[in-house]
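Okay, input.txt now, which holds compact mmCIF, C-alpha atoms and all ligand atoms:
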# COMPACT_ATOMS: atom_id res chain seq x y z
CA GLY A 20 -11.15 15.90 -20.79
CA LEU A 21 -9.14 16.54 -17.66
CA PRO A 22 -10.25 17.25 -14.09
CA ASP A 23 -10.11 20.85 -12.77
CA ARG A 24 -8.41 19.66 -9.62
CA VAL A 25 -6.30 16.67 -8.59
CA THR A 26 -5.74 15.42 -5.05
CA ILE A 27 -2.14 14.44 -4.53
CA TYR A 28 -1.75 11.57 -2.08
CA GLU A 29 1.85 12.01 -0.90
CA VAL A 30 3.65 8.73 -0.10
CA GLY A 31 7.26 9.92 0.33
CA PRO A 32 7.53 9.46 4.10
CA ARG A 33 6.14 5.90 3.82
CA ASP A 34 6.85 4.42 0.37
CA GLY A 35 9.94 6.59 -0.02
CA LEU A 36 11.62 6.11 3.31
CA GLN A 37 10.68 2.42 3.68
CA ASN A 38 13.15 1.71 0.90
CA GLU A 39 16.08 3.76 2.15
CA LYS A 40 19.00 1.68 3.36
CA ALA A 41 19.73 4.21 6.06
CA ILE A 42 17.40 4.56 9.00
CA VAL A 43 16.30 8.19 8.88
CA PRO A 44 16.15 9.78 12.35
CA VAL A 45 12.66 10.54 13.61
CA GLU A 46 13.43 14.31 13.84
CA VAL A 47 14.30 14.33 10.13
CA LYS A 48 11.11 12.43 9.24
CA SER A 49 9.07 14.83 11.31
CA GLU A 50 10.61 17.87 9.66
CA PHE A 51 10.09 16.23 6.24
CA VAL A 52 6.36 15.70 6.86
CA THR A 53 5.99 19.20 8.32
CA ARG A 54 7.68 20.75 5.28
CA LEU A 55 5.53 18.70 2.89
CA ALA A 56 2.44 20.02 4.64
CA GLY A 57 3.91 23.52 4.46
CA ALA A 58 4.23 23.11 0.68
CA GLY A 59 0.48 22.53 0.50
CA LEU A 60 0.16 18.74 0.58
CA THR A 61 -2.86 17.78 2.69
CA THR A 62 -2.80 13.98 2.46
CA ILE A 63 0.51 12.52 3.60
CA GLU A 64 1.01 8.80 4.17
CA THR A 65 3.39 9.04 7.08
CA THR A 66 4.36 5.49 8.08
CA SER A 67 3.30 1.85 8.46
CA PHE A 68 2.17 -0.27 11.38
CA VAL A 69 3.82 -3.39 10.02
CA HIS A 70 6.22 -5.82 11.66
CA PRO A 71 9.38 -3.85 12.56
CA LYS A 72 11.57 -6.73 11.41
CA TRP A 73 9.96 -6.62 7.97
CA VAL A 74 10.42 -2.87 7.54
CA PRO A 75 12.94 -1.59 10.10
CA GLN A 76 12.96 1.82 8.40
CA LEU A 77 9.46 2.45 9.77
CA ALA A 78 9.90 0.85 13.20
CA ASP A 79 9.60 4.32 14.76
CA ALA A 80 5.94 4.75 13.69
CA GLU A 81 4.64 5.46 17.21
CA GLU A 82 7.45 7.87 17.96
CA LEU A 83 6.92 9.77 14.69
CA LEU A 84 3.17 10.08 15.13
CA GLY A 85 3.78 11.30 18.67
CA VAL A 86 5.73 14.32 17.44
CA LEU A 87 3.93 15.21 14.18
CA PRO A 88 1.74 18.29 14.26
CA ARG A 89 -1.95 17.40 13.81
CA SER A 90 -4.54 19.71 12.36
CA GLY A 91 -8.07 19.42 11.07
CA ASN A 92 -7.19 19.72 7.41
CA LEU A 93 -4.16 17.39 7.43
CA ARG A 94 -4.73 13.71 6.74
CA TYR A 95 -2.08 11.19 7.81
CA PRO A 96 -3.06 7.75 6.49
CA VAL A 97 -0.85 4.83 7.55
CA LEU A 98 -0.41 1.27 6.23
CA VAL A 99 -2.02 -1.44 8.33
CA PRO A 100 -1.81 -5.11 7.26
CA ASN A 101 -3.55 -6.85 10.15
CA GLU A 102 -5.40 -6.43 13.44
CA ARG A 103 -2.17 -5.96 15.38
CA GLY A 104 -1.42 -3.02 13.05
CA LEU A 105 -4.94 -1.66 13.52
CA ASP A 106 -4.58 -1.80 17.31
CA ARG A 107 -1.39 0.24 17.01
CA ALA A 108 -3.06 2.75 14.66
CA LEU A 109 -6.05 3.21 16.98
CA ALA A 110 -3.78 3.64 19.99
CA ASN A 111 -2.11 6.51 18.12
CA GLY A 112 -5.21 8.44 17.15
CA ILE A 113 -5.10 7.51 13.46
CA THR A 114 -8.27 8.15 11.45
CA GLU A 115 -7.22 6.92 7.98
CA ILE A 116 -5.65 3.57 7.20
CA ALA A 117 -4.63 1.64 4.11
CA ILE A 118 -4.63 -2.12 3.73
CA PHE A 119 -2.39 -3.46 0.99
CA GLY A 120 -3.03 -6.56 -1.08
CA SER A 121 -1.49 -8.09 -4.16
CA ALA A 122 -2.89 -9.08 -7.54
CA THR A 123 -0.36 -11.94 -7.64
CA GLU A 124 0.30 -14.92 -5.39
CA THR A 125 4.09 -14.54 -5.42
CA PHE A 126 4.06 -10.96 -4.16
CA ALA A 127 1.34 -11.73 -1.59
CA ARG A 128 3.66 -14.37 -0.14
CA ARG A 129 6.76 -12.20 -0.24
CA ASN A 130 5.13 -9.06 1.12
CA LEU A 131 2.54 -10.45 3.54
CA ASN A 132 3.63 -14.05 4.16
CA ARG A 133 0.15 -15.07 2.96
CA THR A 134 -1.64 -16.36 -0.13
CA VAL A 135 -4.06 -13.94 -1.78
CA ASP A 136 -6.98 -15.71 -0.06
CA GLU A 137 -5.20 -15.69 3.30
CA SER A 138 -4.38 -12.01 2.96
CA LEU A 139 -8.03 -11.18 2.25
CA ALA A 140 -8.97 -13.17 5.35
CA MET A 141 -6.40 -11.13 7.30
CA PHE A 142 -7.84 -7.84 5.98
CA ALA A 143 -11.54 -8.61 6.54
CA PRO A 144 -11.61 -8.05 10.33
CA VAL A 145 -9.29 -5.04 9.96
CA VAL A 146 -11.71 -3.26 7.63
CA GLU A 147 -14.74 -4.30 9.63
CA ARG A 148 -13.32 -3.02 12.92
CA ALA A 149 -11.84 0.10 11.31
CA ARG A 150 -15.20 1.06 9.84
CA ALA A 151 -16.96 0.39 13.14
CA GLU A 152 -14.47 2.86 14.70
CA GLY A 153 -15.31 5.41 11.99
CA LEU A 154 -11.98 5.17 10.15
CA TRP A 155 -11.52 5.82 6.44
CA VAL A 156 -9.99 2.82 4.66
CA ARG A 157 -8.00 2.74 1.45
CA ALA A 158 -7.16 -0.51 -0.36
CA TYR A 159 -3.96 -0.83 -2.33
CA VAL A 160 -3.61 -3.56 -4.88
CA SER A 161 -0.03 -4.15 -6.02
CA MET A 162 1.42 -5.58 -9.23
CA VAL A 163 -1.49 -4.32 -11.33
CA CYS A 164 0.50 -4.19 -14.58
CA GLY A 165 3.19 -6.82 -14.12
CA ASP A 166 5.01 -8.84 -11.49
CA PRO A 167 8.78 -9.46 -11.38
CA TRP A 168 8.30 -13.20 -10.80
CA GLU A 169 5.06 -13.89 -12.67
CA GLY A 170 5.40 -11.53 -15.64
CA ASP A 171 2.33 -9.91 -17.18
CA VAL A 172 -0.66 -9.80 -14.86
CA PRO A 173 -4.03 -10.28 -16.61
CA ILE A 174 -6.52 -7.45 -16.14
CA GLU A 175 -9.23 -9.90 -14.97
CA GLN A 176 -6.94 -11.04 -12.15
CA VAL A 177 -6.49 -7.44 -10.96
CA VAL A 178 -10.22 -6.75 -11.19
CA SER A 179 -10.97 -9.90 -9.20
CA VAL A 180 -8.62 -9.09 -6.28
CA ALA A 181 -9.57 -5.39 -6.34
CA SER A 182 -13.28 -6.20 -6.23
CA ARG A 183 -12.79 -8.54 -3.29
CA MET A 184 -10.84 -5.87 -1.40
CA MET A 185 -13.45 -3.19 -2.10
CA GLU A 186 -16.27 -5.55 -1.05
CA LEU A 187 -14.70 -5.64 2.41
CA GLY A 188 -15.87 -2.02 2.74
CA CYS A 189 -12.96 0.13 1.59
CA SER A 190 -13.60 3.66 0.34
CA GLN A 191 -10.76 4.02 -2.15
CA LEU A 192 -8.74 1.68 -4.35
CA SER A 193 -5.17 2.60 -5.27
CA LEU A 194 -3.79 0.81 -8.31
CA GLY A 195 -0.14 -0.01 -7.67
CA ASP A 196 2.20 -0.48 -10.60
CA THR A 197 4.79 -1.59 -8.06
CA ILE A 198 7.59 -2.21 -10.57
CA GLY A 199 6.71 0.51 -13.04
CA VAL A 200 6.27 -1.69 -16.12
CA GLY A 201 2.85 -0.35 -17.16
CA THR A 202 2.20 1.77 -20.24
CA PRO A 203 -0.70 4.17 -20.92
CA GLY A 204 -2.83 1.92 -23.13
CA HIS A 205 -2.79 -0.81 -20.51
CA VAL A 206 -3.61 1.67 -17.75
CA THR A 207 -6.63 2.92 -19.71
CA ALA A 208 -7.85 -0.63 -20.33
CA LEU A 209 -7.41 -1.54 -16.66
CA ILE A 210 -9.39 1.48 -15.46
CA GLU A 211 -12.16 0.77 -17.99
CA ALA A 212 -12.36 -2.83 -16.74
CA LEU A 213 -12.61 -1.69 -13.10
CA VAL A 214 -15.33 0.82 -13.96
CA ALA A 215 -17.21 -1.92 -15.85
CA ALA A 216 -16.92 -4.09 -12.71
CA GLY A 217 -18.59 -1.34 -10.65
CA ILE A 218 -15.57 0.45 -9.16
CA GLY A 219 -16.09 3.99 -10.43
CA THR A 220 -13.30 6.49 -11.04
CA ASP A 221 -14.54 8.50 -8.02
CA ARG A 222 -13.19 5.64 -5.88
CA LEU A 223 -9.94 5.08 -7.80
CA ALA A 224 -6.41 6.36 -7.24
CA VAL A 225 -3.27 5.55 -9.21
CA HIS A 226 0.13 4.68 -7.75
CA PHE A 227 2.90 4.58 -10.32
CA HIS A 228 6.54 3.77 -9.85
CA ASP A 229 8.84 5.34 -12.43
CA THR A 230 11.21 2.42 -13.10
CA TYR A 231 10.70 2.56 -16.86
CA GLY A 232 10.02 6.30 -17.08
CA GLN A 233 6.31 5.74 -17.74
CA ALA A 234 4.80 7.13 -14.55
CA LEU A 235 3.83 10.55 -15.86
CA ALA A 236 2.43 9.20 -19.14
CA ASN A 237 0.44 6.62 -17.20
CA THR A 238 -0.85 9.33 -14.88
CA LEU A 239 -2.08 11.41 -17.79
CA ALA A 240 -3.88 8.35 -19.19
CA ALA A 241 -5.54 7.81 -15.80
CA LEU A 242 -6.61 11.47 -15.55
CA ARG A 243 -8.15 11.27 -19.02
CA ALA A 244 -10.01 8.15 -17.90
CA GLY A 245 -11.54 10.15 -15.01
CA VAL A 246 -9.23 9.47 -12.03
CA THR A 247 -8.61 12.49 -9.76
CA VAL A 248 -6.43 11.06 -6.95
CA VAL A 249 -2.76 10.52 -7.76
CA ASP A 250 -0.10 9.03 -5.48
CA ALA A 251 3.37 10.57 -5.69
CA SER A 252 6.55 10.72 -3.65
CA ALA A 253 8.42 13.95 -3.01
CA GLY A 254 11.73 13.93 -4.85
CA GLY A 255 10.92 10.49 -6.30
CA LEU A 256 12.03 8.70 -3.14
CA GLY A 257 11.02 5.12 -2.79
CA GLY A 258 10.42 1.61 -3.94
CA CYS A 259 9.42 -1.52 -2.15
CA PRO A 260 11.88 -3.69 -0.22
CA TYR A 261 9.91 -6.85 -1.08
CA ALA A 262 9.67 -6.24 -4.85
CA GLU A 263 12.81 -6.63 -6.95
CA SER A 264 13.41 -3.76 -9.35
CA ALA A 265 10.89 -1.37 -7.78
CA THR A 266 12.44 2.10 -7.90
CA GLY A 267 11.02 5.36 -6.72
CA ASN A 268 7.45 6.47 -7.16
CA LEU A 269 6.37 9.17 -9.55
CA PRO A 270 8.13 12.27 -8.15
CA THR A 271 5.58 14.72 -6.74
CA GLU A 272 7.46 17.63 -8.34
CA ASP A 273 7.21 16.04 -11.82
CA LEU A 274 3.48 15.58 -11.28
CA VAL A 275 2.96 19.15 -10.08
CA TRP A 276 4.97 20.55 -13.01
CA MET A 277 2.72 18.70 -15.47
CA LEU A 278 -0.51 19.62 -13.69
CA ASP A 279 0.51 23.29 -13.36
CA GLY A 280 1.16 23.31 -17.11
CA LEU A 281 -2.23 21.74 -17.79
CA GLY A 282 -3.98 24.27 -15.55
CA VAL A 283 -5.10 21.53 -13.15
CA GLU A 284 -5.17 22.73 -9.54
CA THR A 285 -3.27 20.89 -6.80
CA GLY A 286 -2.79 23.51 -4.09
CA VAL A 287 0.92 22.65 -3.98
CA ASP A 288 3.72 25.25 -4.02
CA LEU A 289 6.27 23.69 -6.37
CA ALA A 290 9.23 25.82 -5.25
CA ALA A 291 8.65 24.96 -1.59
CA LEU A 292 8.23 21.30 -2.43
CA ALA A 293 11.43 21.11 -4.52
CA ALA A 294 13.35 22.88 -1.74
CA THR A 295 12.06 20.21 0.67
CA SER A 296 13.26 17.42 -1.61
CA ARG A 297 16.69 19.04 -1.99
CA TRP A 298 16.91 19.29 1.78
CA MET A 299 15.91 15.61 2.12
CA ALA A 300 18.42 14.58 -0.57
CA GLU A 301 21.17 16.21 1.49
CA ARG A 302 20.05 14.27 4.57
CA LEU A 303 20.11 11.03 2.53
CA GLY A 304 23.43 11.86 0.90
CA ARG A 305 22.34 11.43 -2.71
CA PRO A 306 20.65 13.66 -5.28
CA SER A 307 16.93 13.43 -5.97
CA PRO A 308 16.14 11.39 -9.10
CA SER A 309 13.33 13.85 -9.96
CA ARG A 310 14.01 15.67 -13.23
CA VAL A 311 12.01 18.65 -12.02
CA VAL A 312 13.90 18.87 -8.71
CA GLN A 313 17.16 18.77 -10.69
CA ALA A 314 15.97 21.38 -13.19
CA LEU A 315 14.82 23.74 -10.43
CA SER A 316 18.07 23.40 -8.46
CA PRO A 317 20.15 26.55 -8.20
CA THR A 318 23.44 26.03 -10.09
P1 LIG B 401 3.96 -12.76 9.82
O1 LIG B 401 5.36 -13.10 10.19
O2 LIG B 401 3.18 -13.74 9.01
O3 LIG B 401 3.16 -12.31 11.11
O4 LIG B 401 4.01 -11.39 9.03
P2 LIG B 401 2.29 -13.14 12.14
O5 LIG B 401 0.88 -12.70 12.00
O6 LIG B 401 2.60 -14.61 12.01
O7 LIG B 401 2.88 -12.61 13.54
C1 LIG B 401 4.22 -12.91 13.93
C2 LIG B 401 4.67 -11.93 14.99
O8 LIG B 401 4.71 -10.61 14.45
C3 LIG B 401 3.77 -11.85 16.21
O9 LIG B 401 4.64 -11.62 17.33
C4 LIG B 401 2.95 -10.62 15.96
O10 LIG B 401 2.50 -9.99 17.15
C5 LIG B 401 3.93 -9.72 15.26
P3 LIG B 401 4.95 -12.78 18.36
O11 LIG B 401 3.60 -13.19 18.88
O12 LIG B 401 5.62 -13.86 17.56
O13 LIG B 401 5.83 -12.11 19.34
N1 LIG B 401 3.22 -8.79 14.39
C6 LIG B 401 3.32 -7.44 14.45
N2 LIG B 401 4.05 -6.61 15.19
C7 LIG B 401 3.88 -5.28 14.99
N3 LIG B 401 3.03 -4.77 14.07
C8 LIG B 401 2.28 -5.57 13.30
C9 LIG B 401 2.43 -6.97 13.47
N4 LIG B 401 1.83 -8.02 12.87
C10 LIG B 401 2.33 -9.12 13.44
N5 LIG B 401 1.42 -5.06 12.41
C11 LIG B 401 2.99 -9.32 8.36
C12 LIG B 401 2.84 -10.82 8.48
C13 LIG B 401 1.83 -8.80 7.52
C14 LIG B 401 2.97 -8.72 9.75
C15 LIG B 401 4.35 -9.04 7.70
O14 LIG B 401 4.41 -9.73 6.50
C16 LIG B 401 4.58 -7.58 7.42
O15 LIG B 401 4.76 -6.79 8.34
N6 LIG B 401 4.61 -7.17 6.12
C17 LIG B 401 4.77 -5.79 5.74
C18 LIG B 401 5.43 -5.68 4.40
C19 LIG B 401 5.49 -4.23 3.98
O16 LIG B 401 5.29 -3.30 4.76
N7 LIG B 401 5.79 -4.01 2.68
C20 LIG B 401 5.90 -2.71 2.12
C21 LIG B 401 4.58 -2.02 1.94
S1 LIG B 401 3.69 -2.59 0.50
C22 LIG B 401 4.20 -1.54 -0.78
O17 LIG B 401 5.17 -0.84 -0.63
C23 LIG B 401 3.39 -1.48 -2.05
C24 LIG B 401 2.57 -0.18 -2.18
O18 LIG B 401 3.42 0.96 -2.17
C25 LIG B 401 1.76 -0.19 -3.49
C26 LIG B 401 2.59 -0.55 -4.72
O19 LIG B 401 3.60 0.12 -5.02
O20 LIG B 401 2.20 -1.55 -5.37
C27 LIG B 401 1.57 -0.03 -1.01
MG MG B 402 4.55 1.68 -3.86
Is it possible to express this structure as structure tokens?
Ligand code: HMG
Ligand code: MG
Amino acid sequence: GLPDRVTIYEVGPRDGLQNEKAIVPVEVKSEFVTRLAGAGLTTIETTSFVHPKWVPQLADAEELLGVLPRSGNLRYPVLVPNERGLDRALANGITEIAIFGSATETFARRNLNRTVDESLAMFAPVVERARAEGLWVRAYVSMVCGDPWEGDVPIEQVVSVASRMMELGCSQLSLGDTIGVGTPGHVTALIEALVAAGIGTDRLAVHFHDTYGQALANTLAALRAGVTVVDASAGGLGGCPYAESATGNLPTEDLVWMLDGLGVETGVDLAALAATSRWMAERLGRPSPSRVVQALSPT
């Protein structure tokens, strides 16, 4: 079966823009987020409190959060790797954060300058303090299907890191196929293994990159397995600067087209969303890679 409703966790402003070569002006980012909210998205990952030298594209996090409209039904989670990041998030009135770990040692080193064990030690006080402050905490685990340096990643290895991250006290686990190599059978097996390890589908989200064109098929497999939170990036913006061959995320428009067709509610206005992505593509100077954005473009 399929869920009646899916929550789209929009990552375009963060996962999308972190990978743009150009530094997008803060006014453009702000208008982007505002338009995404106007199209009906209610959970929008806006930025990261990481080291500005590591991700210069998001060095304006404070400035952006200072100008974004806030409202009771809009959630703006941000990435936070360490206590310094948490301090910055708290100083900016953030109520939802995401820590981000890796299933593999190579990516943990490249993305966090830490081993897997060291990164968990870095996250532990972040989650503890965040929860004491009443924040909601998501845990990403990257490279859940494969890793560009290590190849296939065994399911047990993903379950082990994911379980350790959730035991810190996180509320949601997002499964990151960072380089888009996964296929639906593997996704189903991974979700079944996580459920067997005690992480139910009510706490799972999926985060697919579309490098090999599998993101939508993988999403459908995850929905059939019981997942109801899906990460997507407006217009298919994105990638990860510290993972070779990571391209854009699953485009939000492609996801909404499929869910509309399946009769699964999202609350998103597809026409308004596609218009937003066309507008953003003009600002970035290149067309959106989303097939749905292209198909809906006036000729
Ligand atoms: P490090 O160099 O090991 O940091 O980097 P450190 O702890 O040794 O600190 C060094 C200096 O950085 C200190 O300054 C700190 O204050 C400062 P100094 O005392 O030398 O003047 N510093 C900070 N400044 C501002 N904000 C901070 C911060 N932390 C330390 N938060 C660190 C470690 C984790 C900071 C670094 O590796 C980093 O910033 N990494 C971020 C990488 C990143 O953002 N990657 C992209 C997101 S992950 C992703 O895209 C995957 C995902 O989409 C899911 C999927 O697709 O799989 C989520
Ligand atoms: Mg990603």
Correct to one decimal, the distance atom P3 of ligand LIG 401 (chain B)-CA of Arg103 in chain A is 10.3 Å
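CA of Ala127 in chain A is positioned 17.3 Å from CA of Gly104 in chain A.
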**Message:** Set the distance at 10 Å and use all atoms listed in the file: which residues neighbour range 204-220 of chain A once local chain neighbours fewer than 4 positions away are removed? I'd like the list as a PyMOL selection string.
**Reply:** chain A and resi 163-164+173-175+177-179+181-182+185+191-192+194+196+224-225+236-248
Let me know the centre plus edge lengths, in Å and rounded to one decimal, of a box with edges along x, y and z that contains all listed atoms of ligand LIG 401 (chain B) and is padded by 4 Å on every side, as AutoDock Vina command-line options.
--center_x 3.4 --center_y -6.8 --center_z 7.0 --size_x 13.0 --size_y 23.6 --size_z 32.7
Please identify every polymer residue within 8 Å of ligand MG 402 (chain B), using all atoms listed in the file, and present the set as a PyMOL selection string. chain A and resi 34+161+195-197+226-228+257-259+267-268
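The space between CA of Val311 in chain A and CA of Gly199 in chain A spans 18.9 Å.
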Can you pull out the residues contacting Thr271 in chain A? Cut-off 8 Å, using all atoms listed in the file, and skip same-chain residues under 2 positions away; I want them as a PDB file with C-alpha atoms, in the coordinates of the input.
ATOM      1  CA  GLU A  29       1.850  12.010  -0.900  1.00  0.00           C
ATOM      2  CA  ALA A 251       3.370  10.570  -5.690  1.00  0.00           C
ATOM      3  CA  SER A 252       6.550  10.720  -3.650  1.00  0.00           C
ATOM      4  CA  ALA A 253       8.420  13.950  -3.010  1.00  0.00           C
ATOM      5  CA  GLY A 254      11.730  13.930  -4.850  1.00  0.00           C
ATOM      6  CA  GLY A 255      10.920  10.490  -6.300  1.00  0.00           C
ATOM      7  CA  LEU A 269       6.370   9.170  -9.550  1.00  0.00           C
ATOM      8  CA  ASP A 273       7.210  16.040 -11.820  1.00  0.00           C
ATOM      9  CA  LEU A 274       3.480  15.580 -11.280  1.00  0.00           C
ATOM     10  CA  VAL A 275       2.960  19.150 -10.080  1.00  0.00           C
TER      11      VAL A 275
END
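Take the candidates A:Pro100, A:Pro270, A:Pro167, A:Gly57 and check each one against ligand LIG 401 (chain B) using all atoms listed in the file; the shortest distance goes to A:Pro100.
Summary of the local environment: counting only C-alpha atoms, residues at most 10 Å from Val43 in chain A, other than itself and those fewer than 4 positions away along its chain, are Leu36, Gln37, Glu39, Val47, Lys48, Gln76, Leu77, Asp79, Arg302 and Leu303 of chain A.
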